[in-house]
Each structure stands twice: as structure tokens, then as C-alpha cells.
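**Q** So I've got this file, upload_30.pdb, and it contains PDB, C-alpha atoms:
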```
ATOM      1  CA  MET S   1      -5.603   3.095  -8.863  1.00  0.00           C
ATOM      2  CA  LYS S   2      -5.166   1.076  -5.690  1.00  0.00           C
ATOM      3  CA  TYR S   3      -2.768   1.665  -2.820  1.00  0.00           C
ATOM      4  CA  GLU S   4      -1.484  -0.561  -0.024  1.00  0.00           C
ATOM      5  CA  VAL S   5      -1.239   0.984   3.428  1.00  0.00           C
ATOM      6  CA  LEU S   6       2.254   0.498   4.872  1.00  0.00           C
ATOM      7  CA  MET S   7       1.647   2.220   8.235  1.00  0.00           C
ATOM      8  CA  GLY S   8      -1.727   2.595   9.897  1.00  0.00           C
ATOM      9  CA  ILE S   9      -3.487   5.848   8.959  1.00  0.00           C
ATOM     10  CA  THR S  10      -6.775   7.539   9.728  1.00  0.00           C
ATOM     11  CA  ILE S  11      -8.638   9.143   6.818  1.00  0.00           C
ATOM     12  CA  LYS S  12     -11.999  10.839   7.301  1.00  0.00           C
ATOM     13  CA  ASP S  13     -12.602   9.210  10.714  1.00  0.00           C
ATOM     14  CA  LYS S  14     -11.791   5.725   9.381  1.00  0.00           C
ATOM     15  CA  TYR S  15      -8.669   3.813  10.415  1.00  0.00           C
ATOM     16  CA  TYR S  16      -6.781   1.721   7.843  1.00  0.00           C
ATOM     17  CA  GLU S  17      -4.359  -0.876   9.219  1.00  0.00           C
ATOM     18  CA  ALA S  18      -1.017  -1.667   7.605  1.00  0.00           C
ATOM     19  CA  GLY S  19      -1.687  -4.118   4.781  1.00  0.00           C
ATOM     20  CA  SER S  20      -5.093  -2.644   3.938  1.00  0.00           C
ATOM     21  CA  ILE S  21      -5.879  -1.946   0.297  1.00  0.00           C
ATOM     22  CA  MET S  22      -7.418   1.424  -0.550  1.00  0.00           C
ATOM     23  CA  SER S  23      -8.750   2.840  -3.788  1.00  0.00           C
ATOM     24  CA  ALA S  24      -7.820   6.350  -4.891  1.00  0.00           C
ATOM     25  CA  SER S  25     -11.394   7.461  -4.231  1.00  0.00           C
ATOM     26  CA  GLU S  26     -10.892   6.764  -0.502  1.00  0.00           C
ATOM     27  CA  LEU S  27      -7.939   9.155  -0.336  1.00  0.00           C
ATOM     28  CA  PRO S  28      -8.090  12.943  -0.523  1.00  0.00           C
ATOM     29  CA  ASN S  29      -6.405  13.958  -3.801  1.00  0.00           C
ATOM     30  CA  LYS S  30      -4.289  16.568  -2.051  1.00  0.00           C
ATOM     31  CA  SER S  31      -2.910  13.938   0.372  1.00  0.00           C
ATOM     32  CA  ILE S  32      -1.857  11.159  -2.018  1.00  0.00           C
ATOM     33  CA  LYS S  33       1.504  12.672  -2.990  1.00  0.00           C
ATOM     34  CA  TRP S  34       2.422  13.387   0.647  1.00  0.00           C
ATOM     35  CA  LEU S  35       1.347   9.931   1.838  1.00  0.00           C
ATOM     36  CA  LEU S  36       3.477   8.348  -0.908  1.00  0.00           C
ATOM     37  CA  GLU S  37       6.499  10.526  -0.052  1.00  0.00           C
ATOM     38  CA  GLN S  38       6.199   9.669   3.655  1.00  0.00           C
ATOM     39  CA  ASN S  39       5.878   5.937   2.869  1.00  0.00           C
ATOM     40  CA  TYR S  40       2.461   5.618   4.486  1.00  0.00           C
ATOM     41  CA  ILE S  41       1.067   4.131   1.264  1.00  0.00           C
ATOM     42  CA  VAL S  42       2.478   2.563  -1.893  1.00  0.00           C
ATOM     43  CA  LYS S  43       0.939   2.479  -5.350  1.00  0.00           C
ATOM     44  CA  MET S  44      -0.034  -1.036  -6.376  1.00  0.00           C
ATOM     45  CA  ASP S  45       1.187  -0.971  -9.963  1.00  0.00           C
ATOM     46  CA  LYS S  46       2.276  -3.994 -11.998  1.00  0.00           C
ATOM     47  CA  HIS S  47       5.901  -3.752 -10.802  1.00  0.00           C
ATOM     48  CA  TYR S  48       4.816  -3.650  -7.142  1.00  0.00           C
ATOM     49  CA  GLN S  49       2.515  -6.644  -7.580  1.00  0.00           C
ATOM     50  CA  GLU S  50       5.293  -8.664  -9.218  1.00  0.00           C
ATOM     51  CA  LYS S  51       7.640  -7.797  -6.343  1.00  0.00           C
ATOM     52  CA  LYS S  52       5.066  -8.878  -3.741  1.00  0.00           C
ATOM     53  CA  MET S  53       4.474 -12.186  -5.545  1.00  0.00           C
ATOM     54  CA  GLN S  54       8.229 -12.846  -5.598  1.00  0.00           C
ATOM     55  CA  GLU S  55       8.458 -12.099  -1.856  1.00  0.00           C
ATOM     56  CA  LEU S  56       5.633 -14.552  -1.154  1.00  0.00           C
ATOM     57  CA  GLN S  57       7.277 -17.253  -3.257  1.00  0.00           C
ATOM     58  CA  ASN S  58      10.600 -16.715  -1.462  1.00  0.00           C
ATOM     59  CA  ALA S  59       8.926 -16.911   1.951  1.00  0.00           C
ATOM     60  CA  LYS S  60       7.128 -20.117   0.972  1.00  0.00           C
ATOM     61  CA  ALA S  61      10.370 -21.644  -0.314  1.00  0.00           C
ATOM     62  CA  GLU S  62      12.141 -20.825   2.973  1.00  0.00           C
ATOM     63  CA  GLU S  63       9.390 -22.589   4.945  1.00  0.00           C
ATOM     64  CA  GLU S  64       9.895 -25.824   3.018  1.00  0.00           C
TER      65      GLU S  64
END
```
Have the structure of the file written as C-alpha cells, please.
**A**
Amino acid sequence: MKYEVLMGITIKDKYYEAGSIMSASELPNKSIKWLLEQNYIVKMDKHYQEKKMQELQNAKAEEE
């Protein structure tokens, strides 16, 4: 499973900027639920990916 970082976080002495993509193996298992609840990360499931693609298409359409 992959996660997108929404707010910068430091995990095991490594800083992840907002927008970074992390795999589940980079996150401590005991922290994933809390990070999701606090909106520091979001699970990149099919629904999330579809939503992001729609946002990008809308932004591109507004530029034109």
C-alpha cells in the first residue's frame, strides 16, 4: 500500500515533504492509523487516485 504525505513529517530521522509518496514499509505499523486520523497521510487507493486525476483535469481546464 502507498500513502501520500499531506503535511511534512519526520519518520526515523528522515523528513518527508507534503506530496511525497511513501510505501507502508517506510511507516511504523503502530503509527499508520494515527497518521491517517490526523490527516498527515492519505491512503492512495483507486478512489483517491481517480479523485486526484479529476482535480488535475479540472486545473488544466481552468488554465485554458
**Q** Hey, what comes out of the PyMOL selection byres ((chain S and resi 18) around 12) on this file? Could you write it as a list in words?
**A**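 That expression, the PyMOL selection byres ((chain S and resi 18) around 12), corresponds here to Tyr3, Glu4, Val5, Leu6, Met7, Gly8, Ile9, Thr10, Tyr15, Tyr16, Glu17, Gly19, Ser20, Ile21, Met22, Asn39, Tyr40, Ile41 and Val42 of chain S.
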**Q** For atom CA of S:Glu55 and atom CA of S:Lys43, quote the distance in Å rounded to one decimal.
**A**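 Computing it gives 16.8 Å between the two atoms.
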**Q** Mind giving me the straight-line distance from atom CA of S:Ala59 to atom CA of S:Lys46 in Å, one decimal?
**A**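 Taking atom CA of S:Ala59 as the start and atom CA of S:Lys46 as the end point, the length is 20.1 Å.
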**Q** Which residues would end up in the selection if the PyMOL selection byres ((chain S and resi 26) around 10) were applied here, given that I need the answer as a ChimeraX atom specification?
**A** /S:2-3,11-12,14,22-25,27-29
**Q** Using all atoms of stretch 12-21 of chain S listed in the file and a margin of 3 Å per side, can you give the axis-aligned box centre and edge lengths in Å to one decimal, as JSON?
**A**
```
{"center_x": -6.8, "center_y": 3.4, "center_z": 5.5, "size_x": 17.6, "size_y": 21.0, "size_z": 16.4}
```
**Q** Tell me, in Å to one decimal, how far atom CA of S:Leu35 is from atom CA of S:Met53.
**A**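 Spanning atom CA of S:Leu35 to atom CA of S:Met53 is a straight-line distance of 23.5 Å.
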**Q** Can you give me all heavy atoms for stretch 50-61 of chain S, written as an mmCIF file, keeping the file's coordinate frame?
**A**
```cif
data_model
loop_
_atom_site.group_PDB
_atom_site.id
_atom_site.type_symbol
_atom_site.label_atom_id
_atom_site.label_comp_id
_atom_site.auth_asym_id
_atom_site.auth_seq_id
_atom_site.Cartn_x
_atom_site.Cartn_y
_atom_site.Cartn_z
ATOM 1 N N GLU S 50 4.308 -7.628 -8.892
ATOM 2 C CA GLU S 50 5.293 -8.664 -9.218
ATOM 3 C C GLU S 50 6.281 -8.844 -8.066
ATOM 4 O O GLU S 50 6.649 -9.971 -7.722
ATOM 5 C CB GLU S 50 6.035 -8.301 -10.500
ATOM 6 C CG GLU S 50 5.175 -8.407 -11.743
ATOM 7 C CD GLU S 50 5.849 -7.849 -12.987
ATOM 8 O OE1 GLU S 50 6.962 -7.281 -12.886
ATOM 9 O OE2 GLU S 50 5.249 -7.965 -14.065
ATOM 10 N N LYS S 51 6.706 -7.747 -7.463
ATOM 11 C CA LYS S 51 7.640 -7.797 -6.343
ATOM 12 C C LYS S 51 7.012 -8.519 -5.154
ATOM 13 O O LYS S 51 7.664 -9.350 -4.515
ATOM 14 C CB LYS S 51 8.041 -6.374 -5.949
ATOM 15 C CG LYS S 51 9.011 -6.297 -4.802
ATOM 16 C CD LYS S 51 9.353 -4.855 -4.473
ATOM 17 C CE LYS S 51 10.147 -4.780 -3.200
ATOM 18 N NZ LYS S 51 10.344 -3.404 -2.753
ATOM 19 N N LYS S 52 5.745 -8.222 -4.850
ATOM 20 C CA LYS S 52 5.066 -8.878 -3.741
ATOM 21 C C LYS S 52 4.924 -10.385 -3.987
ATOM 22 O O LYS S 52 5.108 -11.184 -3.072
ATOM 23 C CB LYS S 52 3.672 -8.268 -3.519
ATOM 24 C CG LYS S 52 3.692 -6.953 -2.798
ATOM 25 C CD LYS S 52 4.262 -7.104 -1.417
ATOM 26 C CE LYS S 52 3.246 -6.800 -0.362
ATOM 27 N NZ LYS S 52 3.826 -6.759 0.982
ATOM 28 N N MET S 53 4.600 -10.764 -5.214
ATOM 29 C CA MET S 53 4.474 -12.186 -5.545
ATOM 30 C C MET S 53 5.809 -12.898 -5.355
ATOM 31 O O MET S 53 5.856 -14.016 -4.836
ATOM 32 C CB MET S 53 3.968 -12.364 -6.978
ATOM 33 C CG MET S 53 2.527 -11.970 -7.161
ATOM 34 S SD MET S 53 1.374 -12.928 -6.159
ATOM 35 C CE MET S 53 1.533 -14.531 -6.892
ATOM 36 N N GLN S 54 6.899 -12.255 -5.759
ATOM 37 C CA GLN S 54 8.229 -12.846 -5.598
ATOM 38 C C GLN S 54 8.561 -13.014 -4.113
ATOM 39 O O GLN S 54 9.103 -14.040 -3.707
ATOM 40 C CB GLN S 54 9.296 -11.981 -6.284
ATOM 41 C CG GLN S 54 10.672 -12.601 -6.282
ATOM 42 C CD GLN S 54 10.737 -13.898 -7.058
ATOM 43 O OE1 GLN S 54 10.149 -14.022 -8.120
ATOM 44 N NE2 GLN S 54 11.441 -14.876 -6.525
ATOM 45 N N GLU S 55 8.216 -12.010 -3.297
ATOM 46 C CA GLU S 55 8.458 -12.099 -1.856
ATOM 47 C C GLU S 55 7.684 -13.271 -1.247
ATOM 48 O O GLU S 55 8.216 -14.002 -0.409
ATOM 49 C CB GLU S 55 8.063 -10.802 -1.162
ATOM 50 C CG GLU S 55 8.996 -9.652 -1.447
ATOM 51 C CD GLU S 55 8.493 -8.331 -0.868
ATOM 52 O OE1 GLU S 55 7.421 -8.311 -0.226
ATOM 53 O OE2 GLU S 55 9.171 -7.318 -1.067
ATOM 54 N N LEU S 56 6.441 -13.442 -1.667
ATOM 55 C CA LEU S 56 5.633 -14.552 -1.154
ATOM 56 C C LEU S 56 6.213 -15.902 -1.558
ATOM 57 O O LEU S 56 6.253 -16.839 -0.760
ATOM 58 C CB LEU S 56 4.193 -14.438 -1.650
ATOM 59 C CG LEU S 56 3.372 -13.298 -1.052
ATOM 60 C CD1 LEU S 56 2.046 -13.170 -1.797
ATOM 61 C CD2 LEU S 56 3.134 -13.534 0.423
ATOM 62 N N GLN S 57 6.677 -16.006 -2.790
ATOM 63 C CA GLN S 57 7.277 -17.253 -3.257
ATOM 64 C C GLN S 57 8.556 -17.557 -2.488
ATOM 65 O O GLN S 57 8.808 -18.706 -2.123
ATOM 66 C CB GLN S 57 7.558 -17.183 -4.756
ATOM 67 C CG GLN S 57 6.309 -17.200 -5.600
ATOM 68 C CD GLN S 57 6.582 -16.984 -7.078
ATOM 69 O OE1 GLN S 57 7.684 -16.624 -7.477
ATOM 70 N NE2 GLN S 57 5.556 -17.179 -7.889
ATOM 71 N N ASN S 58 9.361 -16.522 -2.223
ATOM 72 C CA ASN S 58 10.600 -16.715 -1.462
ATOM 73 C C ASN S 58 10.298 -17.155 -0.036
ATOM 74 O O ASN S 58 10.965 -18.044 0.495
ATOM 75 C CB ASN S 58 11.441 -15.431 -1.452
ATOM 76 C CG ASN S 58 12.033 -15.119 -2.815
ATOM 77 O OD1 ASN S 58 12.079 -15.974 -3.701
ATOM 78 N ND2 ASN S 58 12.454 -13.885 -2.990
ATOM 79 N N ALA S 59 9.301 -16.551 0.580
ATOM 80 C CA ALA S 59 8.926 -16.911 1.951
ATOM 81 C C ALA S 59 8.426 -18.351 2.002
ATOM 82 O O ALA S 59 8.767 -19.107 2.931
ATOM 83 C CB ALA S 59 7.869 -15.957 2.471
ATOM 84 N N LYS S 60 7.649 -18.742 1.020
ATOM 85 C CA LYS S 60 7.128 -20.117 0.972
ATOM 86 C C LYS S 60 8.269 -21.116 0.785
ATOM 87 O O LYS S 60 8.301 -22.168 1.411
ATOM 88 C CB LYS S 60 6.116 -20.251 -0.146
ATOM 89 C CG LYS S 60 5.397 -21.568 -0.160
ATOM 90 C CD LYS S 60 4.317 -21.625 -1.197
ATOM 91 C CE LYS S 60 3.610 -22.972 -1.161
ATOM 92 N NZ LYS S 60 2.544 -23.064 -2.134
ATOM 93 N N ALA S 61 9.228 -20.769 -0.069
ATOM 94 C CA ALA S 61 10.370 -21.644 -0.314
ATOM 95 C C ALA S 61 11.225 -21.810 0.948
ATOM 96 O O ALA S 61 11.740 -22.888 1.214
ATOM 97 C CB ALA S 61 11.211 -21.094 -1.460
#
```
